[in-house]
Amino acid sequence: MTYPARAVVDLDAISSNVTALADRAGPAAVMAVVKADAYGHGLVPSARAALAGGATWLGAAQVDEALALRAAGIGAPLLTWLYAPGAALDQALLAGIDVSVSAAWALDELLAAVRSTGRTARVHIKVDTGLGRNGVMPDELDALLGTALRAQAEGACAVVGIWSHFAWADAPDHPTVLAQAEVFAEAVALAERRGAQLEVRHLANSAATLTNPSVHYDLVRPGLAVFGLSPVPELGTSADYGLTPAMRLEAELALVKQVPAGHGVSYGHEHVTSGPTTLGLVPIGYADGIPRHASGTAERRGAPVQVSGRRLGIAGRVCMDQFVLDLGPGATEQAGQTVELFGTGADGGPTAQDWAEVVGTISYEVVTRVGTRLPRVHVGSAGVAG
Ligand SMILES: *Cc1c(COP(=O)(O)O)cnc(C)c1O
């Protein structure tokens with residue numbers, strides 16, 4: 001491998017994170033959410049590691065992501081929930097993927113796919129209990145259930161799930177959390193009164209899995225926590241919840257050189273050396289998902305990296321392929337030496353959460369945006385044999 005940077009993903013960390021989540025959620029089962037290339041960690045190896053850790057379901061937003069899991073030979077129960085008219089629901093049925101329905105058109109298309117494939121659909125009806133995003137509005141649930149249960153009576157589908165998603169799960173005391181939980185309970189009760197035999201009622205993402213046992217129901221759907229990051233950094237760190245960040249982002253210095261005082265660094269000279277110093281060139285940039293907002297300017301310290309056990313901020317602007325560190329006068333670093341951008345934090349190095357705070361975003365975005373150009377190197381053995 002010659003690429004001078006990589007995301008090293010610890011599959012054993014993913015597996016042990018899922019085990020910690022399963023312990024917390026029990027008796028509810030765990031659906032590991034592996035959308036967006038498993039939050040940037042690599043879809044198939046991450047999914048296998050999550051299953052090895054005790055997840056019994058997988059969740060993927062896009063139909064194509066779910067199909068990719070099946071194409072890799074993963075047979076676990078699997079739900080997909082985000083698609084537009086014309087999606088390949090026939091392929092989803094042929095692959096044995098459960099499909100979420102949020103609208104009458106979606107149910108119509110799913111039932112058309114049932115007719116064309118001869119397969120029965122397993123349907124999870126998604127209810128908008130207050131997020132204001134996907135899901136059928138509660139006042140339209142009865143009509144949608146009516147159509148679905150008529151199709152069920154004809155053998156076309158089985159309504160196996162009622163589910164929803166929180167707006168404020170990361171603030172467990174926010175009044176919307178209780179309000180959404182109440183709307184959800186009513187939706188479940190309605191479906192059961194109508195005769196649906198629900199296998200799984202599910203509402204909790206990572207934050208609700210960690211902070212709100214009253215909404216675990218039959219199945220929890222953590223994503224971020226599977227990858228070891230805290231969804232509620234104000235309430236608890238990864239370690240507080242028994243989680244280990246699974247991704248380490250690292251690069252090798254591509255150049256180390258001496259420069260004089262007053263030397264402008266990178267585009268726009270946002271950093272100017274205050275004395276004779278050593279610059280180190282890190283060959284990873286915004287094309288690899290390093291936010292340009294991680295730049296270090298006169299006004300703002302750049303995002304943290306660790307090199308030779310010391311922590312430095314990025315100097316000057318992050319470019320497409322590279323950024324620069326001001327290593328200081330007399331620095332002993334050499335080209336080829338590894339720089340850690342973020343990792344577990346156990347070695348005193350920065351975490352994705354540290355990056356999120358500097359950049360003004362959430363750790364979800366830091367790991368998910370790691371570019372497709374960067375190799376993922378999977379270490380550990382969880383799920384590798386399976
Ligand atoms: C992404 C997603 C999840 C997982 O959310 P986390 O906050 O990462 O745990 C769960 N359910 C739905 C519907 C999602 O879109």
# chains A, B, ... in the order shown; residues from 1 in each chain; ligands from 1
call {"tool": "residues_around", "arguments": {"residues": "Leu110 in chain A", "least_positions_apart": "5", "cutoff": "10 Å", "atoms": "only C-alpha atoms", "output": "PDB file with all heavy atoms, in the first residue's frame"}}
result
ATOM      1  N   ALA A  87     -37.877   3.146  -6.864  1.00  0.00           N
ATOM      2  CA  ALA A  87     -36.768   2.394  -6.245  1.00  0.00           C
ATOM      3  C   ALA A  87     -36.902   0.899  -6.553  1.00  0.00           C
ATOM      4  O   ALA A  87     -37.993   0.415  -6.866  1.00  0.00           O
ATOM      5  CB  ALA A  87     -36.764   2.619  -4.737  1.00  0.00           C
ATOM      6  N   ALA A  88     -35.796   0.203  -6.423  1.00  0.00           N
ATOM      7  CA  ALA A  88     -35.753  -1.228  -6.763  1.00  0.00           C
ATOM      8  C   ALA A  88     -36.316  -2.074  -5.617  1.00  0.00           C
ATOM      9  O   ALA A  88     -35.631  -2.928  -5.061  1.00  0.00           O
ATOM     10  CB  ALA A  88     -34.311  -1.628  -7.075  1.00  0.00           C
ATOM     11  N   LEU A  89     -37.599  -1.847  -5.297  1.00  0.00           N
ATOM     12  CA  LEU A  89     -38.192  -2.601  -4.190  1.00  0.00           C
ATOM     13  C   LEU A  89     -38.343  -4.076  -4.548  1.00  0.00           C
ATOM     14  O   LEU A  89     -38.343  -4.940  -3.670  1.00  0.00           O
ATOM     15  CB  LEU A  89     -39.544  -1.987  -3.793  1.00  0.00           C
ATOM     16  CG  LEU A  89     -39.460  -0.548  -3.281  1.00  0.00           C
ATOM     17  CD1 LEU A  89     -40.845  -0.034  -2.873  1.00  0.00           C
ATOM     18  CD2 LEU A  89     -38.493  -0.423  -2.109  1.00  0.00           C
ATOM     19  N   ASP A  90     -38.453  -4.364  -5.872  1.00  0.00           N
ATOM     20  CA  ASP A  90     -38.499  -5.770  -6.280  1.00  0.00           C
ATOM     21  C   ASP A  90     -37.205  -6.472  -5.880  1.00  0.00           C
ATOM     22  O   ASP A  90     -37.218  -7.584  -5.348  1.00  0.00           O
ATOM     23  CB  ASP A  90     -38.771  -5.892  -7.787  1.00  0.00           C
ATOM     24  CG  ASP A  90     -37.834  -5.055  -8.640  1.00  0.00           C
ATOM     25  OD1 ASP A  90     -37.113  -4.180  -8.091  1.00  0.00           O
ATOM     26  OD2 ASP A  90     -37.799  -5.263  -9.867  1.00  0.00           O
ATOM     27  N   ALA A  92     -35.258  -5.570  -3.477  1.00  0.00           N
ATOM     28  CA  ALA A  92     -35.244  -5.672  -2.007  1.00  0.00           C
ATOM     29  C   ALA A  92     -36.026  -6.908  -1.563  1.00  0.00           C
ATOM     30  O   ALA A  92     -35.579  -7.651  -0.682  1.00  0.00           O
ATOM     31  CB  ALA A  92     -35.820  -4.399  -1.392  1.00  0.00           C
ATOM     32  N   LEU A  93     -37.176  -7.139  -2.180  1.00  0.00           N
ATOM     33  CA  LEU A  93     -37.979  -8.310  -1.799  1.00  0.00           C
ATOM     34  C   LEU A  93     -37.255  -9.602  -2.142  1.00  0.00           C
ATOM     35  O   LEU A  93     -37.220 -10.540  -1.344  1.00  0.00           O
ATOM     36  CB  LEU A  93     -39.342  -8.269  -2.503  1.00  0.00           C
ATOM     37  CG  LEU A  93     -40.277  -7.136  -2.068  1.00  0.00           C
ATOM     38  CD1 LEU A  93     -41.612  -7.249  -2.808  1.00  0.00           C
ATOM     39  CD2 LEU A  93     -40.497  -7.164  -0.565  1.00  0.00           C
ATOM     40  N   VAL A  99     -38.932  -3.685   4.404  1.00  0.00           N
ATOM     41  CA  VAL A  99     -39.054  -2.354   3.810  1.00  0.00           C
ATOM     42  C   VAL A  99     -39.939  -1.478   4.692  1.00  0.00           C
ATOM     43  O   VAL A  99     -41.019  -1.896   5.109  1.00  0.00           O
ATOM     44  CB  VAL A  99     -39.644  -2.452   2.381  1.00  0.00           C
ATOM     45  CG1 VAL A  99     -39.832  -1.058   1.782  1.00  0.00           C
ATOM     46  CG2 VAL A  99     -38.740  -3.300   1.479  1.00  0.00           C
ATOM     47  N   SER A 100     -39.454  -0.272   4.954  1.00  0.00           N
ATOM     48  CA  SER A 100     -40.247   0.702   5.692  1.00  0.00           C
ATOM     49  C   SER A 100     -41.187   1.414   4.728  1.00  0.00           C
ATOM     50  O   SER A 100     -40.824   1.693   3.582  1.00  0.00           O
ATOM     51  CB  SER A 100     -39.313   1.724   6.349  1.00  0.00           C
ATOM     52  OG  SER A 100     -40.079   2.780   6.902  1.00  0.00           O
ATOM     53  N   VAL A 101     -42.383   1.726   5.225  1.00  0.00           N
ATOM     54  CA  VAL A 101     -43.377   2.446   4.429  1.00  0.00           C
ATOM     55  C   VAL A 101     -43.825   3.664   5.218  1.00  0.00           C
ATOM     56  O   VAL A 101     -44.187   3.549   6.391  1.00  0.00           O
ATOM     57  CB  VAL A 101     -44.562   1.511   4.102  1.00  0.00           C
ATOM     58  CG1 VAL A 101     -45.769   2.315   3.627  1.00  0.00           C
ATOM     59  CG2 VAL A 101     -44.150   0.484   3.049  1.00  0.00           C
ATOM     60  N   ALA A 104     -48.740   6.266   1.243  1.00  0.00           N
ATOM     61  CA  ALA A 104     -49.571   5.367   0.426  1.00  0.00           C
ATOM     62  C   ALA A 104     -48.854   4.983  -0.872  1.00  0.00           C
ATOM     63  O   ALA A 104     -48.901   3.828  -1.302  1.00  0.00           O
ATOM     64  CB  ALA A 104     -50.912   6.044   0.120  1.00  0.00           C
ATOM     65  N   TRP A 105     -48.152   5.954  -1.508  1.00  0.00           N
ATOM     66  CA  TRP A 105     -47.476   5.611  -2.778  1.00  0.00           C
ATOM     67  C   TRP A 105     -46.419   4.532  -2.561  1.00  0.00           C
ATOM     68  O   TRP A 105     -46.212   3.667  -3.419  1.00  0.00           O
ATOM     69  CB  TRP A 105     -46.864   6.834  -3.469  1.00  0.00           C
ATOM     70  CG  TRP A 105     -45.675   7.450  -2.747  1.00  0.00           C
ATOM     71  CD1 TRP A 105     -45.678   8.540  -1.963  1.00  0.00           C
ATOM     72  CD2 TRP A 105     -44.315   6.962  -2.759  1.00  0.00           C
ATOM     73  NE1 TRP A 105     -44.427   8.774  -1.462  1.00  0.00           N
ATOM     74  CE2 TRP A 105     -43.561   7.825  -1.941  1.00  0.00           C
ATOM     75  CE3 TRP A 105     -43.662   5.892  -3.370  1.00  0.00           C
ATOM     76  CZ2 TRP A 105     -42.197   7.657  -1.714  1.00  0.00           C
ATOM     77  CZ3 TRP A 105     -42.303   5.718  -3.145  1.00  0.00           C
ATOM     78  CH2 TRP A 105     -41.579   6.593  -2.318  1.00  0.00           C
ATOM     79  N   ARG A 115     -46.338  -8.297  -6.444  1.00  0.00           N
ATOM     80  CA  ARG A 115     -46.971  -8.989  -7.578  1.00  0.00           C
ATOM     81  C   ARG A 115     -45.922  -9.414  -8.612  1.00  0.00           C
ATOM     82  O   ARG A 115     -45.982 -10.507  -9.157  1.00  0.00           O
ATOM     83  CB  ARG A 115     -48.029  -8.081  -8.219  1.00  0.00           C
ATOM     84  CG  ARG A 115     -49.283  -7.921  -7.346  1.00  0.00           C
ATOM     85  CD  ARG A 115     -50.403  -7.195  -8.062  1.00  0.00           C
ATOM     86  NE  ARG A 115     -50.082  -5.803  -8.351  1.00  0.00           N
ATOM     87  CZ  ARG A 115     -50.256  -4.802  -7.470  1.00  0.00           C
ATOM     88  NH1 ARG A 115     -50.741  -5.029  -6.252  1.00  0.00           N
ATOM     89  NH2 ARG A 115     -49.954  -3.557  -7.813  1.00  0.00           N
ATOM     90  N   SER A 116     -44.933  -8.545  -8.854  1.00  0.00           N
ATOM     91  CA  SER A 116     -43.973  -8.876  -9.919  1.00  0.00           C
ATOM     92  C   SER A 116     -42.951  -9.929  -9.478  1.00  0.00           C
ATOM     93  O   SER A 116     -42.374 -10.612 -10.322  1.00  0.00           O
ATOM     94  CB  SER A 116     -43.265  -7.613 -10.424  1.00  0.00           C
ATOM     95  OG  SER A 116     -42.392  -7.129  -9.440  1.00  0.00           O
ATOM     96  N   THR A 120     -43.569 -12.225  -0.598  1.00  0.00           N
ATOM     97  CA  THR A 120     -44.334 -11.475   0.401  1.00  0.00           C
ATOM     98  C   THR A 120     -43.431 -10.385   0.991  1.00  0.00           C
ATOM     99  O   THR A 120     -42.254 -10.628   1.257  1.00  0.00           O
ATOM    100  CB  THR A 120     -44.785 -12.419   1.535  1.00  0.00           C
ATOM    101  OG1 THR A 120     -45.547 -13.471   0.946  1.00  0.00           O
ATOM    102  CG2 THR A 120     -45.635 -11.693   2.544  1.00  0.00           C
ATOM    103  N   ALA A 121     -44.006  -9.203   1.192  1.00  0.00           N
ATOM    104  CA  ALA A 121     -43.218  -8.105   1.774  1.00  0.00           C
ATOM    105  C   ALA A 121     -43.366  -8.094   3.290  1.00  0.00           C
ATOM    106  O   ALA A 121     -44.461  -8.305   3.810  1.00  0.00           O
ATOM    107  CB  ALA A 121     -43.687  -6.774   1.206  1.00  0.00           C
ATOM    108  N   ARG A 122     -42.267  -7.852   3.986  1.00  0.00           N
ATOM    109  CA  ARG A 122     -42.305  -7.571   5.424  1.00  0.00           C
ATOM    110  C   ARG A 122     -42.206  -6.057   5.593  1.00  0.00           C
ATOM    111  O   ARG A 122     -41.212  -5.447   5.193  1.00  0.00           O
ATOM    112  CB  ARG A 122     -41.147  -8.287   6.127  1.00  0.00           C
ATOM    113  CG  ARG A 122     -41.367  -9.820   6.215  1.00  0.00           C
ATOM    114  CD  ARG A 122     -40.106 -10.532   6.669  1.00  0.00           C
ATOM    115  NE  ARG A 122     -39.520  -9.892   7.829  1.00  0.00           N
ATOM    116  CZ  ARG A 122     -39.812 -10.202   9.111  1.00  0.00           C
ATOM    117  NH1 ARG A 122     -40.685 -11.139   9.383  1.00  0.00           N
ATOM    118  NH2 ARG A 122     -39.226  -9.567  10.099  1.00  0.00           N
ATOM    119  N   VAL A 123     -43.264  -5.491   6.178  1.00  0.00           N
ATOM    120  CA  VAL A 123     -43.417  -4.036   6.204  1.00  0.00           C
ATOM    121  C   VAL A 123     -43.261  -3.504   7.625  1.00  0.00           C
ATOM    122  O   VAL A 123     -43.832  -4.050   8.565  1.00  0.00           O
ATOM    123  CB  VAL A 123     -44.828  -3.657   5.684  1.00  0.00           C
ATOM    124  CG1 VAL A 123     -45.045  -2.153   5.744  1.00  0.00           C
ATOM    125  CG2 VAL A 123     -45.029  -4.169   4.263  1.00  0.00           C
ATOM    126  N   ALA A 156     -50.225 -10.740   0.695  1.00  0.00           N
ATOM    127  CA  ALA A 156     -49.219  -9.976  -0.047  1.00  0.00           C
ATOM    128  C   ALA A 156     -48.103  -9.443   0.850  1.00  0.00           C
ATOM    129  O   ALA A 156     -46.971  -9.251   0.393  1.00  0.00           O
ATOM    130  CB  ALA A 156     -49.886  -8.814  -0.782  1.00  0.00           C
ATOM    131  N   CYS A 157     -48.450  -9.162   2.099  1.00  0.00           N
ATOM    132  CA  CYS A 157     -47.433  -8.579   2.976  1.00  0.00           C
ATOM    133  C   CYS A 157     -47.732  -8.947   4.414  1.00  0.00           C
ATOM    134  O   CYS A 157     -48.803  -9.484   4.719  1.00  0.00           O
ATOM    135  CB  CYS A 157     -47.371  -7.052   2.818  1.00  0.00           C
ATOM    136  SG  CYS A 157     -48.786  -6.188   3.506  1.00  0.00           S
TER     137      CYS A 157
END
call {"tool": "residues_around", "arguments": {"residues": "Ala52 in chain A", "least_positions_apart": "2", "cutoff": "7 Å", "atoms": "only C-alpha atoms", "output": "ChimeraX atom specification"}}
result
/A:15,48-50,54,382-383
call {"tool": "residues_around", "arguments": {"residues": "range 271-284 of chain A", "least_positions_apart": "2", "cutoff": "6 Å", "atoms": "only C-alpha atoms", "output": "compact mmCIF listing (two decimals) with C-alpha atoms, in the first residue's frame"}}
result
# COMPACT_ATOMS: atom_id res chain seq x y z
CA LEU A 253 4.49 13.26 6.96
CA ALA A 254 5.33 13.82 3.28
CA LEU A 255 7.92 16.55 3.89
CA VAL A 256 9.71 18.16 6.82
CA LYS A 257 11.67 21.36 6.23
CA GLN A 258 13.17 24.40 7.93
CA VAL A 259 11.74 27.82 7.14
CA PRO A 260 12.68 31.31 8.35
CA ALA A 261 10.61 33.70 10.48
CA GLY A 262 7.77 35.44 8.70
CA HIS A 263 7.15 32.60 6.27
CA GLY A 264 3.55 32.43 5.09
CA VAL A 265 2.04 28.94 5.24
CA HIS A 269 -0.96 32.79 4.33
CA THR A 297 -5.69 30.95 11.35
CA ALA A 315 -1.32 25.62 10.65
CA GLY A 316 -2.97 27.62 7.89
CA ASP A 321 -4.95 17.10 -0.69
CA GLN A 322 -2.82 18.34 2.20
CA PHE A 323 -2.31 20.58 5.19
CA VAL A 324 0.70 21.83 7.16
CA LEU A 325 1.87 21.60 10.77
CA ASP A 326 4.19 24.13 12.39
CA LEU A 327 6.38 21.65 14.29
CA GLY A 328 8.43 24.37 16.01
CA PRO A 329 12.14 25.20 16.00
call {"tool": "atom_distance", "arguments": {"atom1": "CA of Pro213 in chain A", "atom2": "CA of Phe227 in chain A"}}
result
20.3 Å
call {"tool": "closest_residue", "arguments": {"among": "A:Phe342, A:Trp57, A:Tyr83, A:Trp168", "to": "Val18 in chain A", "atoms": "only C-alpha atoms"}}
result
A:Trp57
call {"tool": "residues_near_ligand", "arguments": {"ligand": "ligand 1", "cutoff": "9 Å", "atoms": "only C-alpha atoms and all ligand atoms", "output": "PyMOL selection string"}}
result
chain A and resi 31-36+39+59-61+81-82+126+134+163-166+169-170+202-209+220-227+231+364
call {"tool": "residues_around", "arguments": {"residues": "Glu186 in chain A", "least_positions_apart": "6", "cutoff": "10 Å", "atoms": "only C-alpha atoms", "output": "list in words"}}
result
Thr129, Pro138, Gln180 and Glu192 of chain A
call {"tool": "atom_distance", "arguments": {"atom1": "CA of Arg310 in chain A", "atom2": "CA of Gln334 in chain A"}}
result
14.5 Å
call {"tool": "residues_around", "arguments": {"residues": "Asp218 in chain A", "least_positions_apart": "6", "cutoff": "10 Å", "atoms": "only C-alpha atoms", "output": "list in words"}}
result
Ala25, Gly26, Pro27, Ala28, Ala29, Val30, Gly161, Leu198, Glu199, Val200, Arg201, His202, Leu203 and Ala204 of chain A
call {"tool": "write_last_selection", "arguments": {"atoms": "N, CA, C and O atoms", "output": "short mmCIF file (atom, residue, chain, number, x, y, z; two decimals), in the first residue's frame"}}
result
data_model
loop_
_atom_site.label_atom_id
_atom_site.label_comp_id
_atom_site.auth_asym_id
_atom_site.auth_seq_id
_atom_site.Cartn_x
_atom_site.Cartn_y
_atom_site.Cartn_z
N ALA A 25 -29.40 -2.61 26.42
CA ALA A 25 -30.75 -2.59 25.84
C ALA A 25 -31.58 -3.81 26.22
O ALA A 25 -32.80 -3.77 26.15
N GLY A 26 -30.91 -4.91 26.59
CA GLY A 26 -31.64 -6.15 26.84
C GLY A 26 -32.82 -5.93 27.75
O GLY A 26 -32.73 -5.10 28.66
N PRO A 27 -33.92 -6.62 27.53
CA PRO A 27 -34.15 -7.70 26.56
C PRO A 27 -34.39 -7.23 25.12
O PRO A 27 -34.59 -8.07 24.25
N ALA A 28 -34.40 -5.92 24.88
CA ALA A 28 -34.57 -5.47 23.49
C ALA A 28 -33.39 -5.94 22.65
O ALA A 28 -32.25 -6.01 23.14
N ALA A 29 -33.65 -6.26 21.40
CA ALA A 29 -32.59 -6.66 20.47
C ALA A 29 -31.93 -5.42 19.88
O ALA A 29 -32.44 -4.30 20.01
N VAL A 30 -30.79 -5.62 19.23
CA VAL A 30 -30.05 -4.50 18.64
C VAL A 30 -30.04 -4.59 17.12
O VAL A 30 -29.63 -5.60 16.55
N GLY A 161 -43.71 -4.34 11.77
CA GLY A 161 -43.12 -3.32 12.64
C GLY A 161 -43.85 -2.00 12.58
O GLY A 161 -44.44 -1.63 11.56
N LEU A 198 -47.40 -7.39 15.61
CA LEU A 198 -46.09 -6.74 15.45
C LEU A 198 -44.99 -7.61 16.04
O LEU A 198 -45.09 -8.07 17.17
N GLU A 199 -43.94 -7.80 15.25
CA GLU A 199 -42.73 -8.47 15.74
C GLU A 199 -41.85 -7.47 16.47
O GLU A 199 -41.23 -7.79 17.47
N VAL A 200 -41.74 -6.28 15.92
CA VAL A 200 -40.81 -5.29 16.47
C VAL A 200 -41.40 -3.89 16.46
O VAL A 200 -41.82 -3.37 15.43
N ARG A 201 -41.40 -3.30 17.64
CA ARG A 201 -41.74 -1.89 17.79
C ARG A 201 -40.41 -1.21 18.12
O ARG A 201 -39.72 -1.65 19.05
N HIS A 202 -40.03 -0.19 17.35
CA HIS A 202 -38.69 0.38 17.58
C HIS A 202 -38.64 1.88 17.39
O HIS A 202 -39.21 2.42 16.45
N LEU A 203 -37.92 2.52 18.33
CA LEU A 203 -37.94 3.97 18.43
C LEU A 203 -36.57 4.56 18.79
O LEU A 203 -36.29 5.70 18.44
N ALA A 204 -35.71 3.79 19.44
CA ALA A 204 -34.52 4.37 20.06
C ALA A 204 -33.29 4.34 19.15
O ALA A 204 -32.90 3.28 18.66
#
call {"tool": "residues_around", "arguments": {"residues": "Thr344 in chain A", "least_positions_apart": "4", "cutoff": "9 Å", "atoms": "only C-alpha atoms", "output": "PDB file with all heavy atoms, in the first residue's frame"}}
result
ATOM      1  N   GLY A 228     -18.497   3.703  18.479  1.00  0.00           N
ATOM      2  CA  GLY A 228     -17.763   4.069  19.683  1.00  0.00           C
ATOM      3  C   GLY A 228     -17.779   5.534  20.038  1.00  0.00           C
ATOM      4  O   GLY A 228     -17.062   5.948  20.955  1.00  0.00           O
ATOM      5  N   THR A 244     -15.670   2.331  22.683  1.00  0.00           N
ATOM      6  CA  THR A 244     -14.331   2.655  22.184  1.00  0.00           C
ATOM      7  C   THR A 244     -14.443   3.146  20.741  1.00  0.00           C
ATOM      8  O   THR A 244     -14.943   2.410  19.884  1.00  0.00           O
ATOM      9  CB  THR A 244     -13.443   1.392  22.193  1.00  0.00           C
ATOM     10  OG1 THR A 244     -13.436   0.844  23.509  1.00  0.00           O
ATOM     11  CG2 THR A 244     -12.026   1.718  21.758  1.00  0.00           C
ATOM     12  N   PRO A 245     -13.974   4.368  20.470  1.00  0.00           N
ATOM     13  CA  PRO A 245     -14.005   4.838  19.075  1.00  0.00           C
ATOM     14  C   PRO A 245     -13.267   3.855  18.164  1.00  0.00           C
ATOM     15  O   PRO A 245     -12.144   3.436  18.471  1.00  0.00           O
ATOM     16  CB  PRO A 245     -13.293   6.195  19.138  1.00  0.00           C
ATOM     17  CG  PRO A 245     -13.547   6.670  20.545  1.00  0.00           C
ATOM     18  CD  PRO A 245     -13.483   5.415  21.385  1.00  0.00           C
ATOM     19  N   ALA A 246     -13.904   3.483  17.061  1.00  0.00           N
ATOM     20  CA  ALA A 246     -13.364   2.409  16.222  1.00  0.00           C
ATOM     21  C   ALA A 246     -12.451   2.921  15.109  1.00  0.00           C
ATOM     22  O   ALA A 246     -11.712   2.133  14.525  1.00  0.00           O
ATOM     23  CB  ALA A 246     -14.517   1.609  15.612  1.00  0.00           C
ATOM     24  N   MET A 247     -12.507   4.202  14.814  1.00  0.00           N
ATOM     25  CA  MET A 247     -11.713   4.714  13.689  1.00  0.00           C
ATOM     26  C   MET A 247     -10.531   5.549  14.157  1.00  0.00           C
ATOM     27  O   MET A 247     -10.684   6.436  14.994  1.00  0.00           O
ATOM     28  CB  MET A 247     -12.574   5.586  12.753  1.00  0.00           C
ATOM     29  CG  MET A 247     -11.809   6.056  11.505  1.00  0.00           C
ATOM     30  SD  MET A 247     -12.694   7.306  10.527  1.00  0.00           S
ATOM     31  CE  MET A 247     -14.048   6.353   9.873  1.00  0.00           C
ATOM     32  N   ARG A 248      -9.352   5.238  13.606  1.00  0.00           N
ATOM     33  CA  ARG A 248      -8.190   6.103  13.786  1.00  0.00           C
ATOM     34  C   ARG A 248      -7.807   6.635  12.415  1.00  0.00           C
ATOM     35  O   ARG A 248      -7.632   5.865  11.463  1.00  0.00           O
ATOM     36  CB  ARG A 248      -7.025   5.329  14.400  1.00  0.00           C
ATOM     37  CG  ARG A 248      -5.820   6.215  14.689  1.00  0.00           C
ATOM     38  CD  ARG A 248      -4.708   5.490  15.431  1.00  0.00           C
ATOM     39  NE  ARG A 248      -3.923   4.661  14.533  1.00  0.00           N
ATOM     40  CZ  ARG A 248      -3.838   3.341  14.600  1.00  0.00           C
ATOM     41  NH1 ARG A 248      -4.503   2.675  15.532  1.00  0.00           N
ATOM     42  NH2 ARG A 248      -3.110   2.658  13.748  1.00  0.00           N
ATOM     43  N   GLY A 348      -3.933   9.687  24.615  1.00  0.00           N
ATOM     44  CA  GLY A 348      -3.821  11.130  24.819  1.00  0.00           C
ATOM     45  C   GLY A 348      -4.029  11.919  23.547  1.00  0.00           C
ATOM     46  O   GLY A 348      -3.979  13.154  23.546  1.00  0.00           O
ATOM     47  N   GLY A 349      -4.265  11.222  22.439  1.00  0.00           N
ATOM     48  CA  GLY A 349      -4.463  11.896  21.150  1.00  0.00           C
ATOM     49  C   GLY A 349      -5.870  12.427  21.014  1.00  0.00           C
ATOM     50  O   GLY A 349      -6.746  12.145  21.840  1.00  0.00           O
ATOM     51  N   PRO A 350      -6.104  13.221  19.974  1.00  0.00           N
ATOM     52  CA  PRO A 350      -7.437  13.794  19.760  1.00  0.00           C
ATOM     53  C   PRO A 350      -8.463  12.736  19.334  1.00  0.00           C
ATOM     54  O   PRO A 350      -8.094  11.670  18.846  1.00  0.00           O
ATOM     55  CB  PRO A 350      -7.217  14.814  18.636  1.00  0.00           C
ATOM     56  CG  PRO A 350      -5.823  14.652  18.153  1.00  0.00           C
ATOM     57  CD  PRO A 350      -5.125  13.622  18.975  1.00  0.00           C
ATOM     58  N   THR A 351      -9.718  13.066  19.539  1.00  0.00           N
ATOM     59  CA  THR A 351     -10.819  12.191  19.129  1.00  0.00           C
ATOM     60  C   THR A 351     -11.654  12.894  18.058  1.00  0.00           C
ATOM     61  O   THR A 351     -11.528  14.108  17.847  1.00  0.00           O
ATOM     62  CB  THR A 351     -11.735  11.883  20.321  1.00  0.00           C
ATOM     63  OG1 THR A 351     -12.272  13.132  20.798  1.00  0.00           O
ATOM     64  CG2 THR A 351     -10.978  11.196  21.454  1.00  0.00           C
ATOM     65  N   ALA A 352     -12.527  12.135  17.420  1.00  0.00           N
ATOM     66  CA  ALA A 352     -13.457  12.733  16.449  1.00  0.00           C
ATOM     67  C   ALA A 352     -14.321  13.783  17.144  1.00  0.00           C
ATOM     68  O   ALA A 352     -14.693  14.793  16.543  1.00  0.00           O
ATOM     69  CB  ALA A 352     -14.318  11.647  15.807  1.00  0.00           C
TER      70      ALA A 352
END
call {"tool": "atom_distance", "arguments": {"atom1": "CA of Leu78 in chain A", "atom2": "CA of Tyr217 in chain A"}}
result
17.8 Å
